[in-house]
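**Student:** Input structure: data32.cif, which contains mmCIF, C-alpha atoms.
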```cif
data_query
#
loop_
_atom_site.label_atom_id
_atom_site.label_comp_id
_atom_site.auth_asym_id
_atom_site.auth_seq_id
_atom_site.Cartn_x
_atom_site.Cartn_y
_atom_site.Cartn_z
CA MET A 1 0.00 0.00 0.00
CA SER A 2 2.89 2.39 0.73
CA ASP A 3 3.76 2.28 -3.00
CA TYR A 4 0.43 4.02 -3.62
CA PHE A 5 1.78 7.23 -2.10
CA ALA A 6 4.28 9.66 -3.62
CA ASP A 7 6.37 9.58 -0.43
CA ALA A 8 7.47 6.40 1.36
CA GLU A 9 7.32 7.97 4.84
CA CYS A 10 3.77 9.15 4.19
CA GLY A 11 2.71 5.65 3.15
CA GLU A 12 4.42 4.02 6.10
CA LEU A 13 2.70 6.36 8.56
CA TYR A 14 -0.63 5.61 6.90
CA GLU A 15 -0.08 1.85 7.19
CA GLN A 16 1.00 2.20 10.82
CA ALA A 17 -2.11 4.24 11.57
CA CYS A 18 -4.44 1.72 9.92
CA ALA A 19 -2.93 -1.04 12.06
CA LEU A 20 -3.81 0.82 15.25
CA PRO A 21 -7.15 0.52 17.07
CA ASP A 22 -9.45 3.48 16.63
CA GLY A 23 -8.63 6.40 18.88
CA ARG A 24 -6.54 9.51 19.32
CA ALA A 25 -3.20 7.85 18.50
CA LYS A 26 -4.53 6.60 15.17
CA ILE A 27 -5.91 10.04 14.31
CA GLU A 28 -2.60 11.74 15.14
CA LEU A 29 -0.67 9.37 12.84
CA LEU A 30 -3.17 9.89 10.03
CA GLU A 31 -2.83 13.66 10.47
CA GLN A 32 0.96 13.40 10.28
CA SER A 33 0.62 11.36 7.11
CA VAL A 34 -1.83 13.74 5.46
CA ARG A 35 0.33 16.77 6.26
CA ILE A 36 3.21 15.16 4.36
CA ALA A 37 0.95 14.33 1.42
CA ASP A 38 -0.38 17.90 1.34
CA ARG A 39 3.10 19.38 1.51
CA LEU A 40 4.26 17.26 -1.40
CA GLY A 41 1.14 17.90 -3.47
CA ASP A 42 0.20 14.20 -3.43
CA VAL A 43 -3.52 14.79 -3.95
CA ARG A 44 -4.46 11.16 -4.54
CA GLY A 45 -2.63 10.05 -1.41
CA ALA A 46 -4.07 12.90 0.67
CA TYR A 47 -7.59 11.95 -0.45
CA THR A 48 -7.05 8.29 0.53
CA ILE A 49 -5.69 9.23 3.96
CA ARG A 50 -8.58 11.59 4.58
CA THR A 51 -11.11 8.85 3.82
CA GLU A 52 -9.71 6.86 6.75
CA LEU A 53 -9.28 9.97 8.86
CA VAL A 54 -12.89 11.12 8.42
CA GLU A 55 -14.31 7.77 9.47
CA THR A 56 -11.99 7.42 12.46
CA ALA A 57 -12.71 10.96 13.62
CA VAL A 58 -16.49 10.54 13.28
CA PHE A 59 -16.60 7.42 15.45
CA ASN A 60 -14.16 8.58 18.11
CA GLY A 61 -15.52 11.99 19.09
CA TYR A 62 -13.57 14.31 16.79
CA ALA A 63 -16.36 15.64 14.61
CA LEU A 64 -14.65 18.95 13.78
CA LYS A 65 -11.69 17.12 12.32
CA ALA A 66 -14.05 14.97 10.27
CA ILE A 67 -15.95 17.97 8.90
CA THR A 68 -12.75 19.83 8.03
CA HIS A 69 -11.13 16.93 6.19
CA PHE A 70 -14.35 15.93 4.43
CA SER A 71 -14.76 19.48 3.10
CA TRP A 72 -11.32 19.13 1.48
CA GLN A 73 -12.37 15.81 -0.05
CA LEU A 74 -15.61 17.23 -1.38
CA GLY A 75 -13.79 20.10 -3.09
CA GLN A 76 -11.25 17.72 -4.61
CA PHE A 77 -13.97 15.36 -5.84
CA ASP A 78 -15.74 18.24 -7.57
CA ARG A 79 -12.52 19.17 -9.38
CA ASP A 80 -12.06 15.65 -10.74
CA PRO A 81 -15.06 13.35 -10.11
CA SER A 82 -13.72 10.53 -12.27
CA ALA A 83 -10.66 10.11 -10.04
CA TYR A 84 -12.53 9.03 -6.89
CA TRP A 85 -15.13 6.53 -5.71
CA GLU A 86 -18.35 8.53 -5.45
CA ARG A 87 -20.30 6.08 -3.29
CA SER A 88 -17.66 6.20 -0.53
CA LEU A 89 -17.86 9.99 -0.54
CA LEU A 90 -21.66 9.96 -0.39
CA TRP A 91 -21.60 7.49 2.49
CA SER A 92 -19.27 9.79 4.44
CA TYR A 93 -21.52 12.76 3.61
CA LYS A 94 -24.27 11.24 5.76
CA TRP A 95 -21.95 11.27 8.78
CA ILE A 96 -20.99 14.89 8.11
CA VAL A 97 -24.60 16.05 7.93
CA SER A 98 -25.55 14.36 11.19
CA ASN A 99 -22.44 15.64 12.97
CA SER A 100 -23.00 19.18 11.70
CA LEU A 101 -26.17 19.29 13.81
CA HIS A 102 -23.90 19.27 16.88
CA PHE A 103 -22.48 22.75 16.24
CA PRO A 104 -24.67 25.81 16.88
CA GLN A 105 -22.34 28.03 14.84
CA ILE A 106 -23.58 26.19 11.73
CA SER A 107 -26.79 28.08 10.99
CA ARG A 108 -30.14 26.51 10.21
CA GLN A 109 -29.90 27.84 6.66
CA GLN A 110 -26.42 26.34 6.25
CA LEU A 111 -27.69 22.99 7.52
CA MET A 112 -30.56 23.07 5.05
CA GLU A 113 -28.17 23.95 2.23
CA LEU A 114 -25.87 21.13 3.30
CA MET A 115 -28.73 18.61 3.24
CA GLU A 116 -29.93 19.91 -0.12
CA ASP A 117 -26.44 19.60 -1.59
CA MET A 118 -26.25 16.05 -0.31
CA ARG A 119 -29.70 15.30 -1.78
CA ASP A 120 -28.68 16.68 -5.19
CA ARG A 121 -25.53 14.55 -5.21
CA PHE A 122 -27.51 11.45 -4.24
CA VAL A 123 -30.09 12.04 -6.97
CA ARG A 124 -27.37 12.57 -9.60
CA ALA A 125 -25.83 9.28 -8.48
CA GLY A 126 -29.15 7.49 -9.08
CA TYR A 127 -30.56 7.40 -5.55
CA THR A 128 -33.94 8.59 -4.25
CA ASN A 129 -34.77 11.23 -1.64
CA ARG A 130 -35.00 8.61 1.14
CA THR A 131 -31.72 9.62 2.80
CA TYR A 132 -32.61 13.30 2.47
CA TYR A 133 -35.95 12.73 4.21
CA SER A 134 -34.20 10.67 6.88
CA ASN A 135 -31.86 13.57 7.60
CA LEU A 136 -34.79 15.99 7.82
CA PHE A 137 -36.41 13.58 10.29
CA THR A 138 -33.25 13.73 12.40
CA PHE A 139 -33.00 17.51 12.08
CA TYR A 140 -36.53 18.10 13.35
CA ILE A 141 -35.92 15.81 16.32
CA HIS A 142 -33.00 18.07 17.20
CA THR A 143 -35.13 21.21 16.94
CA GLY A 144 -38.04 19.71 18.88
CA GLU A 145 -40.42 20.17 15.92
CA PHE A 146 -41.93 16.73 16.34
CA GLU A 147 -44.87 17.21 13.96
CA LEU A 148 -42.39 17.83 11.14
CA ALA A 149 -40.32 14.89 12.37
CA ASP A 150 -43.45 12.74 12.08
CA GLU A 151 -44.02 13.98 8.54
CA TYR A 152 -40.56 13.00 7.34
CA TYR A 153 -40.50 9.77 9.31
CA ASN A 154 -43.66 8.73 7.44
CA LYS A 155 -42.06 9.66 4.12
CA VAL A 156 -39.02 7.50 4.93
CA GLN A 157 -41.19 4.54 5.94
CA GLN A 158 -43.07 4.69 2.64
CA MET A 159 -39.91 4.41 0.52
CA GLU A 160 -37.81 1.39 -0.35
CA ARG A 161 -34.41 1.02 1.28
CA GLU A 162 -31.34 1.48 -0.95
CA ASP A 163 -27.76 0.25 -0.74
CA ILE A 164 -26.80 3.77 0.44
CA SER A 165 -29.37 3.75 3.26
CA ASP A 166 -28.25 3.54 6.87
CA CYS A 167 -28.22 0.01 8.22
CA HIS A 168 -31.34 -1.42 9.86
CA ALA A 169 -29.79 -1.06 13.32
CA CYS A 170 -29.05 2.65 12.86
CA ASP A 171 -32.50 3.30 11.43
CA ARG A 172 -34.13 1.55 14.37
CA ASN A 173 -31.96 3.39 16.89
CA GLU A 174 -33.07 6.71 15.39
CA ILE A 175 -36.68 5.70 15.98
CA VAL A 176 -35.89 4.73 19.58
CA ASP A 177 -34.25 8.14 20.10
CA TYR A 178 -37.28 9.88 18.64
CA LEU A 179 -39.80 8.01 20.78
CA ALA A 180 -37.73 8.46 23.95
CA ALA A 181 -37.24 12.17 23.26
CA SER A 182 -40.99 12.62 22.84
CA GLY A 183 -41.74 10.82 26.12
CA ARG A 184 -43.20 7.63 24.63
CA ASP A 185 -41.38 5.17 26.87
CA GLU A 186 -43.34 2.00 26.09
CA GLU A 187 -43.14 2.61 22.33
CA ALA A 188 -39.40 3.34 22.61
CA LEU A 189 -38.80 0.02 24.36
CA GLU A 190 -40.93 -1.83 21.85
CA ALA A 191 -38.91 -0.28 19.01
CA ALA A 192 -35.66 -1.18 20.79
CA ALA A 193 -36.61 -4.84 21.32
CA ASP A 194 -34.71 -6.30 18.36
CA ILE A 195 -31.60 -4.30 19.29
CA ILE A 196 -31.78 -5.35 22.92
CA LYS A 197 -32.18 -8.99 21.87
CA GLY A 198 -29.12 -8.74 19.60
CA LYS A 199 -31.06 -9.17 16.36
CA LEU A 200 -29.88 -5.77 15.05
CA SER A 201 -26.38 -4.39 15.57
CA CYS A 202 -23.60 -2.40 13.93
CA THR A 203 -20.55 -0.32 14.90
CA GLU A 204 -22.43 1.87 17.40
CA ILE A 205 -25.48 -0.27 18.06
CA PRO A 206 -26.45 -1.52 20.66
CA HIS A 207 -24.05 0.89 22.42
CA LEU A 208 -26.23 3.96 21.86
CA THR A 209 -29.57 2.23 22.25
CA LEU A 210 -28.89 0.52 25.56
CA ALA A 211 -27.97 3.86 27.13
CA THR A 212 -31.14 5.48 25.77
CA VAL A 213 -33.50 2.86 27.21
CA LEU A 214 -32.19 2.98 30.80
CA LEU A 215 -34.49 5.77 32.00
CA PRO A 216 -37.57 4.48 30.13
CA LEU A 217 -37.01 1.08 31.78
CA TYR A 218 -36.68 2.66 35.20
CA ARG A 219 -39.76 4.85 34.74
CA LEU A 220 -41.81 1.80 33.74
CA GLY A 221 -40.73 -0.10 36.85
CA ARG A 222 -38.44 -2.51 35.02
CA GLN A 223 -35.51 -1.89 37.35
CA LYS A 224 -33.89 -5.32 37.06
CA GLU A 225 -33.60 -4.93 33.31
CA ALA A 226 -32.24 -1.42 33.72
CA VAL A 227 -29.54 -2.64 36.12
CA ARG A 228 -28.60 -5.47 33.76
CA TYR A 229 -28.33 -3.24 30.68
CA GLN A 230 -26.46 -0.52 32.54
CA ARG A 231 -23.82 -3.03 33.62
CA LYS A 232 -23.65 -4.49 30.11
CA ASN A 233 -23.55 -1.16 28.29
CA TYR A 234 -21.07 0.90 30.27
CA PRO A 235 -17.99 -1.21 29.38
CA MET A 236 -18.96 -0.81 25.70
CA ILE A 237 -18.78 2.99 25.82
CA ARG A 238 -16.48 4.03 28.66
CA ASP A 239 -13.30 4.37 26.57
CA ASN A 240 -14.67 6.32 23.61
CA ARG A 241 -15.45 10.02 23.96
CA ASP A 242 -17.86 9.72 21.03
CA PHE A 243 -20.27 8.24 23.61
CA LEU A 244 -20.16 11.20 26.01
CA ARG A 245 -23.90 11.80 25.69
CA SER A 246 -24.59 8.10 26.30
CA ILE A 247 -22.48 8.23 29.46
CA GLY A 248 -24.61 11.22 30.44
CA GLU A 249 -27.68 9.02 29.98
CA HIS A 250 -26.13 6.53 32.39
CA ILE A 251 -25.65 9.35 34.89
CA ALA A 252 -29.28 10.40 34.40
CA TYR A 253 -30.46 6.87 35.16
CA LEU A 254 -28.10 6.49 38.13
CA THR A 255 -29.37 9.78 39.54
CA TYR A 256 -32.45 7.74 40.48
CA ALA A 257 -31.00 4.25 40.85
CA ASP A 258 -27.63 4.89 42.55
CA PRO A 259 -26.49 8.55 42.75
CA PHE A 260 -23.09 7.69 44.24
CA GLN A 261 -22.34 5.39 41.32
CA GLY A 262 -23.44 8.26 39.11
CA LEU A 263 -20.89 10.46 40.89
CA SER A 264 -18.17 7.94 40.09
CA LEU A 265 -19.06 8.05 36.38
CA TYR A 266 -19.08 11.84 36.43
CA GLU A 267 -15.60 11.99 37.94
CA GLN A 268 -14.25 9.55 35.35
CA HIS A 269 -15.63 11.47 32.38
CA ALA A 270 -15.84 15.11 33.49
CA GLN A 271 -12.71 16.05 31.53
CA TRP A 272 -14.35 14.86 28.31
CA SER A 273 -17.27 17.18 29.00
CA LEU A 274 -14.89 20.15 28.90
CA ASP A 275 -12.86 19.28 25.81
CA CYS A 276 -15.20 17.13 23.71
CA ASP A 277 -15.60 18.45 20.14
CA SER A 278 -19.39 18.32 20.24
CA PRO A 279 -21.19 21.21 21.98
CA LEU A 280 -24.38 19.16 21.79
CA ASP A 281 -22.88 16.25 23.70
CA ARG A 282 -21.29 18.61 26.24
CA MET A 283 -24.65 20.29 26.77
CA TYR A 284 -26.43 17.01 27.51
CA PHE A 285 -23.66 15.77 29.80
CA HIS A 286 -23.62 19.03 31.81
CA ALA A 287 -27.41 18.92 32.17
CA TYR A 288 -27.53 15.29 33.31
CA ALA A 289 -24.69 15.96 35.76
CA ALA A 290 -26.47 19.06 37.08
CA GLY A 291 -29.47 16.86 37.86
CA LEU A 292 -27.25 14.33 39.61
CA PHE A 293 -25.65 16.93 41.87
CA ARG A 294 -29.00 18.50 42.64
CA VAL A 295 -30.05 15.12 44.04
CA LEU A 296 -26.73 14.57 45.85
CA ALA A 297 -27.15 17.98 47.52
CA ARG A 298 -29.91 16.38 49.62
CA GLU A 299 -27.34 14.06 51.23
CA THR A 300 -25.81 14.96 54.61
CA VAL A 301 -22.29 13.73 53.79
CA ALA A 302 -19.23 15.88 53.11
CA PHE A 303 -18.16 15.83 49.45
CA GLN A 304 -14.75 16.15 47.85
CA ILE A 305 -15.47 15.88 44.11
CA ARG A 306 -12.56 15.12 41.78
CA LEU A 307 -12.93 17.91 39.21
CA PRO A 308 -10.75 18.38 36.12
CA GLU A 309 -7.98 20.95 36.46
CA SER A 310 -9.59 22.98 33.69
CA TYR A 311 -12.98 23.12 35.45
CA PRO A 312 -13.62 26.86 35.97
CA TYR A 313 -15.05 26.74 39.52
CA ALA A 314 -12.56 24.88 41.74
CA GLU A 315 -14.55 25.71 44.88
CA ASP A 316 -17.38 23.48 43.63
CA SER A 317 -15.39 20.38 44.64
CA THR A 318 -16.91 20.55 48.14
CA ASP A 319 -20.20 22.27 47.28
CA VAL A 320 -22.44 20.02 45.19
CA GLN A 321 -25.28 22.54 45.16
CA SER A 322 -23.01 25.14 43.60
CA LEU A 323 -21.64 22.51 41.22
CA SER A 324 -25.17 21.68 40.11
CA ARG A 325 -25.94 25.34 39.50
CA HIS A 326 -22.78 25.97 37.48
CA LEU A 327 -23.26 22.84 35.36
CA GLN A 328 -26.84 23.89 34.62
CA GLU A 329 -25.62 27.34 33.61
CA MET A 330 -23.02 25.80 31.29
CA ALA A 331 -25.67 23.57 29.72
CA LEU A 332 -28.17 26.42 29.34
CA GLU A 333 -25.59 28.65 27.67
CA LEU A 334 -25.14 26.01 24.99
CA ALA A 335 -28.90 25.34 24.80
CA GLU A 336 -29.55 29.01 24.08
CA GLN A 337 -27.01 28.92 21.27
CA PHE A 338 -28.76 25.93 19.71
CA ASP A 339 -32.18 27.52 20.16
CA ARG A 340 -31.03 30.69 18.39
CA ARG A 341 -29.78 28.52 15.56
CA ASN A 342 -32.92 26.39 15.42
CA GLY A 343 -35.48 29.15 15.98
CA THR A 344 -37.15 27.23 18.83
CA ARG A 345 -37.02 27.04 22.63
CA TYR A 346 -36.75 23.27 22.69
CA TYR A 347 -33.30 22.87 24.18
CA SER A 348 -33.61 25.57 26.83
CA GLU A 349 -36.80 23.96 28.10
CA LEU A 350 -35.33 20.45 27.87
CA ILE A 351 -32.14 21.37 29.73
CA ASP A 352 -34.18 22.95 32.51
CA GLN A 353 -36.08 19.67 32.87
CA LEU A 354 -32.97 17.48 32.79
CA SER A 355 -31.29 19.67 35.39
CA HIS A 356 -34.22 19.26 37.79
CA PRO A 357 -34.97 15.51 38.13
CA GLN A 358 -38.53 14.85 39.23
CA PRO A 359 -39.55 11.96 41.48
CA VAL A 360 -40.21 8.79 39.50
CA GLN A 361 -42.43 5.93 40.54
CA GLY A 362 -39.78 3.36 39.61
#
```
Render the structure in this file as structure tokens.
**Tutor:**
Amino acid sequence: MSDYFADAECGELYEQACALPDGRAKIELLEQSVRIADRLGDVRGAYTIRTELVETAVFNGYALKAITHFSWQLGQFDRDPSAYWERSLLWSYKWIVSNSLHFPQISRQQLMELMEDMRDRFVRAGYTNRTYYSNLFTFYIHTGEFELADEYYNKVQQMEREDISDCHACDRNEIVDYLAASGRDEEALEAAADIIKGKLSCTEIPHLTLATVLLPLYRLGRQKEAVRYQRKNYPMIRDNRDFLRSIGEHIAYLTYADPFQGLSLYEQHAQWSLDCDSPLDRMYFHAYAAGLFRVLARETVAFQIRLPESYPYAEDSTDVQSLSRHLQEMALELAEQFDRRNGTRYYSELIDQLSHPQPVQG
């Protein structure tokens, strides 16, 4: 494979990176390799490296890197479409669209233009609007416009799947997310059944789904199942910052089931919540943690919380009530940015709810 590249060192770094497990070390080697290719003007080699880099970044919590490198690929493809495999680019485009939702600085108009550009490219390649409608379904879940989400969900369900469609497991997980977000616990668990039973799976499923169903299970009085899936799921996600929001969902569940275990998870992952690429995932994690510390503030024990060095309020390490308040403020600041982008109040209202856990008849 190293012969494919104009420079031997570049090819060797690429091969070394591909031999590594996914994670930061692999990304750093790929970035070293692509810098050499760029410097030498090895466009074909740089494109190949970026294909691997985009995928690795997407699935390991480095969405900004993925978006940046994919934009370069897209521009290069448009200069010389015959030189590259179009289907691979279109597949990556789906990841970029979904990850772009995580950044409030990308305006609603820009997101719509991005989805429309993706749709046009899919249609020119011989595909239908199914993926476009699926992305609109996802977008309207994010904005809290559930009637529009329903509309596009129905459009997707009426169309035949294509070889470019997301896998069955990802499609089902999106439905579980939607039902859980709209408070339909029993329907969410029914939709998740095939994932929970292991009949549907992929790279990130059941990882995401098991975290999502923990609170619905608890609220429906199915505590034994919730305990079992929490213990099964956490080892799947604990080492990958791409699952920061899912870890937050564990904390939300443990706020009710075992707040001190929830505290342990917070301490292990708090640093991620400060330097994770995704403002959306940071927002959710801060809000879930704010709810946890609001509950822990009712305890009569003395706390000494292990906070990251970069946490801005060091005095909160012994004052869980203050910690809860500051985490809620951090989450709300991000929620307001998303709401300005989306033109709704969905996230501000949601974050207020998540930060104030209500008693559950579990």
**Student:** Rank A:Gln16, A:Ser98, A:Thr300, A:Gln358 by their smallest atom-to-atom distance to A:Ser278, using all atoms listed in the file, and report the top residue only.
**Tutor:**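 Among the listed residues, A:Ser98 lies closest to A:Ser278.
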**Student:** When the PyMOL selection byres ((chain A and resi 234) around 9) is applied to the file above, which residues end up in the set, as a ChimeraX atom specification?
**Tutor:** /A:207,211,229-233,235-238,246-247,250
**Student:** When the PyMOL selection byres ((chain A and resi 196) around 10) is applied to the file above, which residues end up in the set, as a short mmCIF file (atom, residue, chain, number, x, y, z; two decimals) with C-alpha atoms, keeping the file's coordinate frame?
**Tutor:**
```cif
data_model
loop_
_atom_site.label_atom_id
_atom_site.label_comp_id
_atom_site.auth_asym_id
_atom_site.auth_seq_id
_atom_site.Cartn_x
_atom_site.Cartn_y
_atom_site.Cartn_z
CA LEU A 189 -38.80 0.02 24.36
CA GLU A 190 -40.93 -1.83 21.85
CA ALA A 191 -38.91 -0.28 19.01
CA ALA A 192 -35.66 -1.18 20.79
CA ALA A 193 -36.61 -4.84 21.32
CA ASP A 194 -34.71 -6.30 18.36
CA ILE A 195 -31.60 -4.30 19.29
CA LYS A 197 -32.18 -8.99 21.87
CA GLY A 198 -29.12 -8.74 19.60
CA LYS A 199 -31.06 -9.17 16.36
CA LEU A 200 -29.88 -5.77 15.05
CA SER A 201 -26.38 -4.39 15.57
CA ILE A 205 -25.48 -0.27 18.06
CA PRO A 206 -26.45 -1.52 20.66
CA HIS A 207 -24.05 0.89 22.42
CA THR A 209 -29.57 2.23 22.25
CA LEU A 210 -28.89 0.52 25.56
CA VAL A 213 -33.50 2.86 27.21
CA TYR A 229 -28.33 -3.24 30.68
#
```
**Student:** Hey, what comes out of the PyMOL selection byres ((chain A and resi 56) around 10) on this file? Could you write it as an NGL selection string?
**Tutor:** :A and (18 or 21-24 or 26-27 or 30 or 50-55 or 57-63 or 65-66)
**Student:** Select, from A:Ser273, A:Ser100, A:Ser82, A:Ser92, the residue with the minimum atom-to-atom distance to A:Asp242, counting all atoms listed in the file.
**Tutor:**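 With all atoms listed in the file as the atom set, the closest residue is A:Ser273.
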**Student:** Do you know which residues are at most 12 Å from A:Trp85 counting all atoms listed in the file, after dropping those on the same chain fewer than 5 positions away, and could you put them as a list in words?
**Tutor:**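 Once the adjacent positions are removed, what remains is Arg44, Tyr47, Thr48, Thr51, Gln73, Leu74, Gln76, Phe77, Asp78, Asp80, Leu90, Trp91, Ser92 and Ala125 of chain A.
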**Student:** Go ahead and compute the interatomic distance for atom CA of A:Trp272 and atom CA of A:Asp239, in Å to one decimal.
**Tutor:**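 Atom CA of A:Asp239 lies at a distance of 10.7 Å from atom CA of A:Trp272.
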**Student:** Please determine, counting all atoms listed in the file, which residue among A:Ile141, A:Leu40, A:Leu215, A:Leu292 has the shortest atom-to-atom distance to A:Phe260.
**Tutor:**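 Of the candidates, the smallest distance to A:Phe260 is held by A:Leu292.
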**Student:** Would you mind reading off the distance between atom CA of A:Leu327 and atom CA of A:Tyr178, one decimal, in Å?
**Tutor:**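 Answer for the atom CA of A:Leu327 to atom CA of A:Tyr178 separation: 25.4 Å.
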**Student:** Which residue gives the smallest distance to A:Arg79 among A:Glu315, A:Val43, A:Asn135, A:Ile251, with all atoms listed in the file counted?
**Tutor:** A:Val43
**Student:** What is the atom CA of A:His356 to atom CA of A:Arg184 distance in Å?
**Tutor:** 19.7 Å
**Student:** Pick out the closest residue to A:Ile106 from this set: A:Arg341, A:Tyr284, A:Tyr127, A:Ala314. Count all atoms listed in the file.
**Tutor:**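 Going through A:Arg341, A:Tyr284, A:Tyr127, A:Ala314 one by one, the smallest distance to A:Ile106 is for A:Arg341.
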**Student:** Since the input is missing atoms for stretch 150-157 of chain A, could you rebuild it with all heavy atoms and give the result as a tab-separated table (two decimals), in the frame of the given file?
**Tutor:**
```tsv
chain	number	residue	atom	x	y	z
A	150	ASP	N	-42.46	13.76	12.46
A	150	ASP	CA	-43.45	12.74	12.08
A	150	ASP	C	-43.65	12.70	10.57
A	150	ASP	O	-43.71	11.62	9.96
A	150	ASP	CB	-44.80	13.05	12.74
A	150	ASP	CG	-44.93	12.46	14.13
A	150	ASP	OD1	-44.21	11.50	14.44
A	150	ASP	OD2	-45.73	12.99	14.92
A	151	GLU	N	-43.77	13.89	9.99
A	151	GLU	CA	-44.02	13.98	8.54
A	151	GLU	C	-42.91	13.29	7.75
A	151	GLU	O	-43.19	12.50	6.84
A	151	GLU	CB	-44.12	15.45	8.13
A	151	GLU	CG	-44.30	15.67	6.64
A	151	GLU	CD	-44.30	17.15	6.26
A	151	GLU	OE1	-44.63	17.99	7.14
A	151	GLU	OE2	-43.97	17.45	5.10
A	152	TYR	N	-41.66	13.57	8.11
A	152	TYR	CA	-40.56	13.00	7.34
A	152	TYR	C	-40.29	11.54	7.73
A	152	TYR	O	-39.83	10.76	6.89
A	152	TYR	CB	-39.31	13.88	7.46
A	152	TYR	CG	-39.47	15.12	6.63
A	152	TYR	CD1	-39.84	16.34	7.20
A	152	TYR	CD2	-39.32	15.05	5.24
A	152	TYR	CE1	-40.02	17.47	6.41
A	152	TYR	CE2	-39.52	16.17	4.45
A	152	TYR	CZ	-39.87	17.38	5.04
A	152	TYR	OH	-40.07	18.48	4.25
A	153	TYR	N	-40.59	11.18	8.94
A	153	TYR	CA	-40.50	9.77	9.31
A	153	TYR	C	-41.46	8.95	8.45
A	153	TYR	O	-41.09	7.88	7.93
A	153	TYR	CB	-40.84	9.60	10.79
A	153	TYR	CG	-41.02	8.16	11.20
A	153	TYR	CD1	-39.93	7.29	11.27
A	153	TYR	CD2	-42.29	7.65	11.49
A	153	TYR	CE1	-40.09	5.96	11.63
A	153	TYR	CE2	-42.45	6.32	11.84
A	153	TYR	CZ	-41.35	5.48	11.92
A	153	TYR	OH	-41.52	4.16	12.27
A	154	ASN	N	-42.68	9.45	8.27
A	154	ASN	CA	-43.66	8.73	7.44
A	154	ASN	C	-43.20	8.64	5.99
A	154	ASN	O	-43.41	7.62	5.33
A	154	ASN	CB	-45.02	9.41	7.53
A	154	ASN	CG	-45.67	9.24	8.90
A	154	ASN	OD1	-45.43	8.24	9.58
A	154	ASN	ND2	-46.48	10.20	9.31
A	155	LYS	N	-42.58	9.70	5.49
A	155	LYS	CA	-42.06	9.66	4.12
A	155	LYS	C	-40.99	8.58	3.98
A	155	LYS	O	-40.98	7.82	3.00
A	155	LYS	CB	-41.46	11.02	3.74
A	155	LYS	CG	-42.48	12.13	3.48
A	155	LYS	CD	-41.76	13.42	3.13
A	155	LYS	CE	-42.72	14.57	2.89
A	155	LYS	NZ	-43.46	14.41	1.61
A	156	VAL	N	-40.09	8.51	4.97
A	156	VAL	CA	-39.02	7.50	4.93
A	156	VAL	C	-39.61	6.10	4.94
A	156	VAL	O	-39.19	5.22	4.18
A	156	VAL	CB	-38.05	7.69	6.12
A	156	VAL	CG1	-37.08	6.51	6.21
A	156	VAL	CG2	-37.29	8.99	5.99
A	157	GLN	N	-40.61	5.88	5.80
A	157	GLN	CA	-41.19	4.54	5.94
A	157	GLN	C	-41.90	4.08	4.67
A	157	GLN	O	-42.04	2.88	4.42
A	157	GLN	CB	-42.18	4.51	7.11
A	157	GLN	CG	-41.52	4.74	8.46
A	157	GLN	CD	-40.40	3.73	8.73
A	157	GLN	OE1	-39.23	4.07	8.74
A	157	GLN	NE2	-40.78	2.49	8.95
```
